[in-house]
Amino acid sequence: MKSIFRFIIAITILLGFAINSIADQKRVFSEDEFLALFNGKPKSRVLKYLGEPDTKDIAIKPKGADSIVGSKIRMEKNSKKKKDKIEMWYYKNVVEYAPKKTYLKVELTLINDRIVNVGFFNQ
């Protein structure tokens, strides 16, 4: 009776490890599938399918950019408009471009928590 109980416990532990390792793997998408799922969609969808990004960056306007870009920027600066929140999220090895070959990095550009650009990179 004790051996059956130990066997059941061992199987339960092994199944737990197997399920955890499967849950930790990110899903791999084709290019078309990835674009259809995420381009133009809110960031909540990305978090649901991919989880938190591997890395994040926030867009920062360089010092003196207003003088180079032109007068439209100066007018917007004086109008006290709400500034857009621009972020870049990066995921590794989630988009497949050939059988068993994935892009090293995918960049998602979000403006005000909505995806506006998707880039695939191998560098």
# chains A, B, ... in the order shown; residues from 1 in each chain; ligands from 1

call {"tool": "residues_around", "arguments": {"residues": "Ile58 of chain A", "least_positions_apart": "5", "cutoff": "9 Å", "atoms": "only C-alpha atoms", "output": "number ranges by chain"}}
result
A: 85-89

call {"tool": "residues_around", "arguments": {"residues": "Asn39 of chain A", "least_positions_apart": "2", "cutoff": "12 Å", "atoms": "only C-alpha atoms", "output": "list in words"}}
result
Glu31, Asp32, Glu33, Phe34, Leu35, Ala36, Leu37, Lys41, Pro42, Lys43, Arg45, Val46, Glu107, Leu108, Thr109, Leu110, Arg114, Ile115, Val116, Asn117, Val118 and Gly119 of chain A

call {"tool": "atom_distance", "arguments": {"atom1": "atom CA of Ser30 of chain A", "atom2": "atom CA of Gly51 of chain A"}}
result
17.8 Å

call {"tool": "closest_residue", "arguments": {"among": "A:Lys105, A:Asp113, A:Asn122, A:Val95", "to": "Leu47 of chain A", "atoms": "only C-alpha atoms"}}
result
A:Asp113
